[in-house]
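What follows is a set of notes on a single structure, which appears directly below.
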Protein chains: 2
Amino acid sequence: MFQGEYTNNMDDKGRVNIPASFREVLLKNYDDPSIVVTRDPYAPCLRAYPQREWKRLLTKVLARSSNDRAVIAFKRTVVSSAQEYAPDKQGRVLIPQNLRDYANISKGTVFVGSLDTFEIWDVSAWEAQLASSLSLLQDMDLDF
Amino acid sequence: MFQGEYTNNMDDKGRVNIPASFREVLLKNYDDPSIVVTRDPYAPCLRAYPQREWKRLLTKVLARSSNDRAVIAFKRTVVSSAQEYAPDKQGRVLIPQNLRDYANISKGTVFVGSLDTFEIWDVSAWEAQLASSLSLLQDMDLDF
DNA sequence: CGGTTAGTGGGTAAAAGTGGGTAGCTTATT
DNA sequence: AATAAGCTACCCACTTTTACCCACTAACCG
């Protein structure tokens with residue numbers, strides 16, 4: 001399971017290192033180092049799926065009527081941008097320009113574990129998000 | 001499965017390069033590099049079908065009563081414009097003028113994977129579409 | 001302190017994408 | 001029917017991008 005928060009730097013070529021602990025989860029729990037990266041439609045960040053989780057999501061999508069407007073919109077935003085990446089020998093992946101733009105990633109990059117997926121944020125966007133999530137939680141008083 | 005988003009430029013002769021990863025899907029999953037390109041009736045873009053998917057669609061159309069008004073309209077818009085294209089040695093296809101006009105494609109061209117087909121957009125039309133799909137999704141709250 | 005592992009930077013060969021010339025076909029014109 | 005004009009497919013050459021490899025630094029751990 002992906003958990004924890006790690007900050008890595010994207011280099012000039014657009015490559016970022018996947019945190020070692022996430023790579024380990026991919027290998028141990030999923031037997032496959034490659035991931036699918038897409039836009040997250042609900043926040044300005046990217047979401048990375050292990051292959052198996054991505055396929056699970058796709059079967060759910062395909063089960064729905066294909067001319068459902070929401071399904072079309074989902075395909076356009078999420079499936080469209082989905083691309084499979086195998087990390088290089090150093091454990092890095094190349095994030096393409098369109099996804100970098102979407103998540104506003106320039107250099108400082110934050111990897112955030114989210115159990116069966118993980119998120120990729122620009123560092124300042126992440127800080128903003130974190131602050132607002134915190135204050136939201138404080139108002140809601142969940143009894144965890 | 002076609003997924004991912006790629007931007008290529010159409011040259012002065014009207015040729016665009018099919019992204020390498022899509023060509024690979026055509027060869028690997030469909031054993032046939034050629035595609036059928038038509039108008040997409042629901043959005044100002046073109047839709048490319050692998051031969052097999054196109055035939056599947058046609059059998060569905062033929063199963064319907066041929067004087068169904070929707071079927072007639074479908075034939076007029078989609079079937080009429082459907083044409084088969086085999087990429088040249090460099091992996092490019094020539095998009096004819098009438099289809100270019102329909103999708104407003106002049107130079108910057110975006111290829112958008114949509115699982116068993118892919119879409120071809122003008123770059124600025126695509127950006128507009130993406131933005132509206134995003135806001136649609138945020139309102140709808142799909143539980144994917 | 002040495003050794004190991006994570007993270008970073010950069011060179012280079014291959015692949016993907018782009019531009020343009022030319023021959024051959026189709027279509028138009030006299 | 002012959003010639004001209006335009007289009008298209010094919011070929012070759014060039015540029016850009018990406019994948020892969022190697023080397024270095026910094027952090028962690030015994």
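Starting from 1 in every chain, residues are counted up; chains themselves are A, B, ... following the order of the structure tokens, and ligands are numbered from 1 as listed.
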
Long-range neighbours of stretch 16-25 of chain C as a PDB file with C-alpha atoms (C1' of nucleotides), in the first residue's frame, 12 Å cut-off, only C-alpha atoms (C1' of nucleotides), 3 positions minimum in chain:
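Written out: part-v5.pdb:
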```pdb
ATOM      1  CA  TYR B   6      -0.107  13.304 -28.292  1.00  0.00           C
ATOM      2  CA  THR B   7       0.403  16.511 -30.224  1.00  0.00           C
ATOM      3  CA  ASN B   8       1.730  16.348 -33.772  1.00  0.00           C
ATOM      4  CA  ASN B   9       1.902  18.882 -36.553  1.00  0.00           C
ATOM      5  CA  MET B  10       0.132  18.568 -39.857  1.00  0.00           C
ATOM      6  CA  ASP B  11       2.392  19.580 -42.733  1.00  0.00           C
ATOM      7  CA  ASP B  12       1.520  21.738 -45.717  1.00  0.00           C
ATOM      8  CA  LYS B  13       0.408  18.716 -47.681  1.00  0.00           C
ATOM      9  CA  ARG B  15      -0.273  14.807 -43.612  1.00  0.00           C
ATOM     10  CA  VAL B  16      -0.049  14.029 -39.904  1.00  0.00           C
ATOM     11  CA  ASN B  17       1.950  11.466 -38.093  1.00  0.00           C
ATOM     12  CA  ILE B  18      -0.016   8.853 -36.169  1.00  0.00           C
ATOM     13  CA  PRO B  19       1.663   8.597 -32.753  1.00  0.00           C
ATOM     14  CA  ALA B  20       3.994   5.642 -32.634  1.00  0.00           C
ATOM     15  CA  SER B  21       2.205   4.081 -29.690  1.00  0.00           C
ATOM     16  CA  ARG B  23       0.518   2.466 -34.601  1.00  0.00           C
ATOM     17  CA  GLN B  90       6.825   7.263 -41.901  1.00  0.00           C
ATOM     18  CA  GLY B  91       3.535   6.478 -40.203  1.00  0.00           C
ATOM     19  CA  ARG B  92       1.573   9.415 -41.582  1.00  0.00           C
TER      20      ARG B  92
ATOM     21  C1'  DG D   6      -3.152  18.634 -59.832  1.00  0.00           C
ATOM     22  C1'  DC D   7      -2.980  15.342 -56.457  1.00  0.00           C
ATOM     23  C1'  DT D   8      -1.029  11.560 -53.951  1.00  0.00           C
ATOM     24  C1'  DA D   9       2.132   7.857 -52.688  1.00  0.00           C
ATOM     25  C1'  DC D  10       6.647   6.856 -52.168  1.00  0.00           C
ATOM     26  C1'  DC D  11      11.254   7.824 -51.127  1.00  0.00           C
ATOM     27  C1'  DC D  12      15.186  10.150 -48.944  1.00  0.00           C
ATOM     28  C1'  DA D  13      17.258  13.329 -45.667  1.00  0.00           C
ATOM     29  C1'  DC D  14      17.146  16.025 -41.631  1.00  0.00           C
ATOM     30  C1'  DT D  15      15.826  17.518 -36.730  1.00  0.00           C
ATOM     31  C1'  DT D  16      14.090  16.614 -32.323  1.00  0.00           C
ATOM     32  C1'  DT D  17      12.967  13.745 -28.673  1.00  0.00           C
ATOM     33  C1'  DT D  18      13.420   9.871 -25.818  1.00  0.00           C
ATOM     34  C1'  DA D  19      15.454   5.693 -23.724  1.00  0.00           C
TER      35       DA D  19
END
```

Return as JSON, numbers by chain the residues belonging to chain B that are within 10 Å of chain D, counting only C-alpha atoms (C1' of nucleotides). {"B": [13, 88, 89, 94]}

Selected residues, N, CA, C and O atoms, written as an mmCIF file, in the first residue's frame, please.
```
data_model
loop_
_atom_site.group_PDB
_atom_site.id
_atom_site.type_symbol
_atom_site.label_atom_id
_atom_site.label_comp_id
_atom_site.auth_asym_id
_atom_site.auth_seq_id
_atom_site.Cartn_x
_atom_site.Cartn_y
_atom_site.Cartn_z
ATOM 1 N N LYS B 13 1.126 19.622 -46.782
ATOM 2 C CA LYS B 13 0.408 18.716 -47.681
ATOM 3 C C LYS B 13 -0.811 18.078 -47.025
ATOM 4 O O LYS B 13 -1.525 17.322 -47.663
ATOM 5 N N ASP B 88 1.715 5.889 -44.409
ATOM 6 C CA ASP B 88 2.885 5.708 -45.264
ATOM 7 C C ASP B 88 4.058 5.184 -44.433
ATOM 8 O O ASP B 88 3.917 4.879 -43.264
ATOM 9 N N LYS B 89 5.185 5.092 -45.096
ATOM 10 C CA LYS B 89 6.330 4.463 -44.431
ATOM 11 C C LYS B 89 6.729 5.191 -43.154
ATOM 12 O O LYS B 89 7.268 4.597 -42.219
ATOM 13 N N LEU B 94 -2.842 11.058 -44.760
ATOM 14 C CA LEU B 94 -3.304 12.312 -45.345
ATOM 15 C C LEU B 94 -4.758 12.519 -44.975
ATOM 16 O O LEU B 94 -5.613 11.696 -45.311
#
```

Between atom CA of A:Val71 and atom CA of B:Ala48, what is the distance in Å, rounded to a tenth?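 So the two atoms, atom CA of A:Val71 and atom CA of B:Ala48, lie 18.6 Å apart.
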
Could you write out, as a PyMOL selection string, all the residues of chain B that DSSP marks as strand (DSSP E)? chain B and resi 5-9+15-17+35-39+46-50+83-85+92-94+108-114+117-122

Residues of chain A that have any atom at most 6 Å from an atom of chain B: could you tabulate them with the shortest-distance atom pair and the distance in Å to one decimal, using only C-alpha atoms, ordered by chain and increasing number, as JSON lines?
```
{"residue": "A:Ala73", "atom": "CA", "partner": "B:Ser133", "partner_atom": "CA", "distance": 4.9}
{"residue": "A:Val79", "atom": "CA", "partner": "B:Gln3", "partner_atom": "CA", "distance": 5.8}
{"residue": "A:Ser80", "atom": "CA", "partner": "B:Gly4", "partner_atom": "CA", "distance": 4.6}
{"residue": "A:Ser81", "atom": "CA", "partner": "B:Gly4", "partner_atom": "CA", "distance": 4.3}
{"residue": "A:Ala82", "atom": "CA", "partner": "B:Gly4", "partner_atom": "CA", "distance": 4.7}
{"residue": "A:Gln83", "atom": "CA", "partner": "B:Gly4", "partner_atom": "CA", "distance": 5.0}
```

Got time to write the residues from that selection, N, CA and C atoms, as a PDB file, in the first residue's frame?
```pdb
ATOM      1  N   ALA A  73     -16.882  12.133 -20.962  1.00  0.00           N
ATOM      2  CA  ALA A  73     -16.037  13.142 -20.325  1.00  0.00           C
ATOM      3  C   ALA A  73     -14.888  12.487 -19.578  1.00  0.00           C
ATOM      4  N   VAL A  79      -8.753   8.964 -19.445  1.00  0.00           N
ATOM      5  CA  VAL A  79      -8.164   7.958 -20.332  1.00  0.00           C
ATOM      6  C   VAL A  79      -7.245   8.612 -21.344  1.00  0.00           C
ATOM      7  N   SER A  80      -7.679   9.755 -21.856  1.00  0.00           N
ATOM      8  CA  SER A  80      -6.878  10.422 -22.874  1.00  0.00           C
ATOM      9  C   SER A  80      -5.456  10.621 -22.407  1.00  0.00           C
ATOM     10  N   SER A  81      -5.316  11.037 -21.172  1.00  0.00           N
ATOM     11  CA  SER A  81      -3.980  11.404 -20.722  1.00  0.00           C
ATOM     12  C   SER A  81      -3.216  10.224 -20.158  1.00  0.00           C
ATOM     13  N   ALA A  82      -3.891   9.106 -20.033  1.00  0.00           N
ATOM     14  CA  ALA A  82      -3.248   7.960 -19.387  1.00  0.00           C
ATOM     15  C   ALA A  82      -2.115   7.426 -20.225  1.00  0.00           C
ATOM     16  N   GLN A  83      -0.992   7.294 -19.629  1.00  0.00           N
ATOM     17  CA  GLN A  83       0.121   6.731 -20.361  1.00  0.00           C
ATOM     18  C   GLN A  83       0.904   5.816 -19.439  1.00  0.00           C
TER      19      GLN A  83
END
```

Only residues of chain C matter here; which ones have an atom within 12 Å of chain A, counting only C-alpha atoms (C1' of nucleotides)? Give them as a list in words. DT5, DA6, DG7, DT8, DG9 and DG10 of chain C

Mind checking DSSP for stretch 21-141 of chain B and telling me the alpha helix (DSSP H) residues as a ChimeraX atom specification? /B:21-30,51-63,69-74,80-81,97-103,123-140

For a quick check: superposing chain A on chain B using all C-alpha atoms in order, what RMSD comes out?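 That comparison of chain B with chain A gives 0.4 Å.
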
Surrounding residues of B:Gly14 excluding itself and chain neighbours under 5 positions, 9 Å, only C-alpha atoms (C1' of nucleotides), as a list in words: Val93, Leu94, Ile95, Pro96, Gln97, Arg100, Ser106 and Lys107 of chain B

Based on the selection just made, write all heavy atoms of those residues as a compact mmCIF listing (two decimals), in the first residue's frame.
```txt
# COMPACT_ATOMS: atom_id res chain seq x y z
N VAL B 93 -0.74 9.75 -42.20
CA VAL B 93 -1.89 9.65 -43.10
C VAL B 93 -2.24 11.04 -43.60
O VAL B 93 -1.97 12.05 -42.95
CB VAL B 93 -3.13 9.03 -42.41
CG1 VAL B 93 -2.89 7.58 -42.07
CG2 VAL B 93 -3.53 9.83 -41.19
N LEU B 94 -2.84 11.06 -44.76
CA LEU B 94 -3.30 12.31 -45.34
C LEU B 94 -4.76 12.52 -44.98
O LEU B 94 -5.61 11.70 -45.31
CB LEU B 94 -3.16 12.24 -46.87
CG LEU B 94 -3.59 13.49 -47.63
CD1 LEU B 94 -2.48 14.50 -47.64
CD2 LEU B 94 -4.00 13.12 -49.04
N ILE B 95 -5.05 13.60 -44.29
CA ILE B 95 -6.43 13.91 -43.92
C ILE B 95 -7.03 14.78 -45.02
O ILE B 95 -6.51 15.86 -45.30
CB ILE B 95 -6.49 14.69 -42.58
CG1 ILE B 95 -5.73 13.97 -41.49
CG2 ILE B 95 -7.93 14.93 -42.17
CD1 ILE B 95 -6.35 12.72 -40.98
N PRO B 96 -8.13 14.32 -45.64
CA PRO B 96 -8.68 15.09 -46.76
C PRO B 96 -9.30 16.40 -46.28
O PRO B 96 -9.64 16.57 -45.12
CB PRO B 96 -9.74 14.16 -47.33
CG PRO B 96 -10.10 13.26 -46.21
CD PRO B 96 -8.88 13.10 -45.37
N GLN B 97 -9.44 17.30 -47.24
CA GLN B 97 -9.87 18.65 -46.93
C GLN B 97 -11.20 18.70 -46.18
O GLN B 97 -11.34 19.43 -45.20
CB GLN B 97 -9.96 19.46 -48.23
CG GLN B 97 -10.11 20.95 -48.00
CD GLN B 97 -8.90 21.54 -47.29
OE1 GLN B 97 -7.77 21.34 -47.69
NE2 GLN B 97 -9.15 22.27 -46.20
N ARG B 100 -10.71 17.85 -42.63
CA ARG B 100 -9.94 18.91 -41.96
C ARG B 100 -10.86 20.08 -41.62
O ARG B 100 -10.81 20.63 -40.53
CB ARG B 100 -8.84 19.42 -42.91
CG ARG B 100 -7.49 18.80 -42.64
CD ARG B 100 -6.46 19.38 -43.59
NE ARG B 100 -6.38 18.60 -44.82
CZ ARG B 100 -5.70 18.99 -45.91
NH1 ARG B 100 -5.09 20.17 -45.92
NH2 ARG B 100 -5.66 18.23 -46.98
N SER B 106 -5.82 22.84 -38.72
CA SER B 106 -4.96 23.55 -39.65
C SER B 106 -3.53 23.05 -39.52
O SER B 106 -2.91 22.63 -40.48
CB SER B 106 -5.04 25.05 -39.42
OG SER B 106 -4.81 25.33 -38.05
N LYS B 107 -3.02 23.05 -38.30
CA LYS B 107 -1.64 22.60 -38.12
C LYS B 107 -1.49 21.78 -36.85
O LYS B 107 -1.32 20.57 -36.91
CB LYS B 107 -0.68 23.80 -38.11
CG LYS B 107 0.77 23.43 -38.13
CD LYS B 107 1.61 24.57 -38.67
CE LYS B 107 2.95 24.12 -39.22
NZ LYS B 107 3.85 23.55 -38.25
```

Can you measure atom CA of A:Arg39 to atom CA of B:Ala128 for me? One decimal in Å is fine. 16.0 Å

Just the number, please: distance in Å from atom CA of A:Glu24 to atom CA of A:Thr117, one decimal.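 Going from atom CA of A:Glu24 over to atom CA of A:Thr117, I get 13.5 Å.
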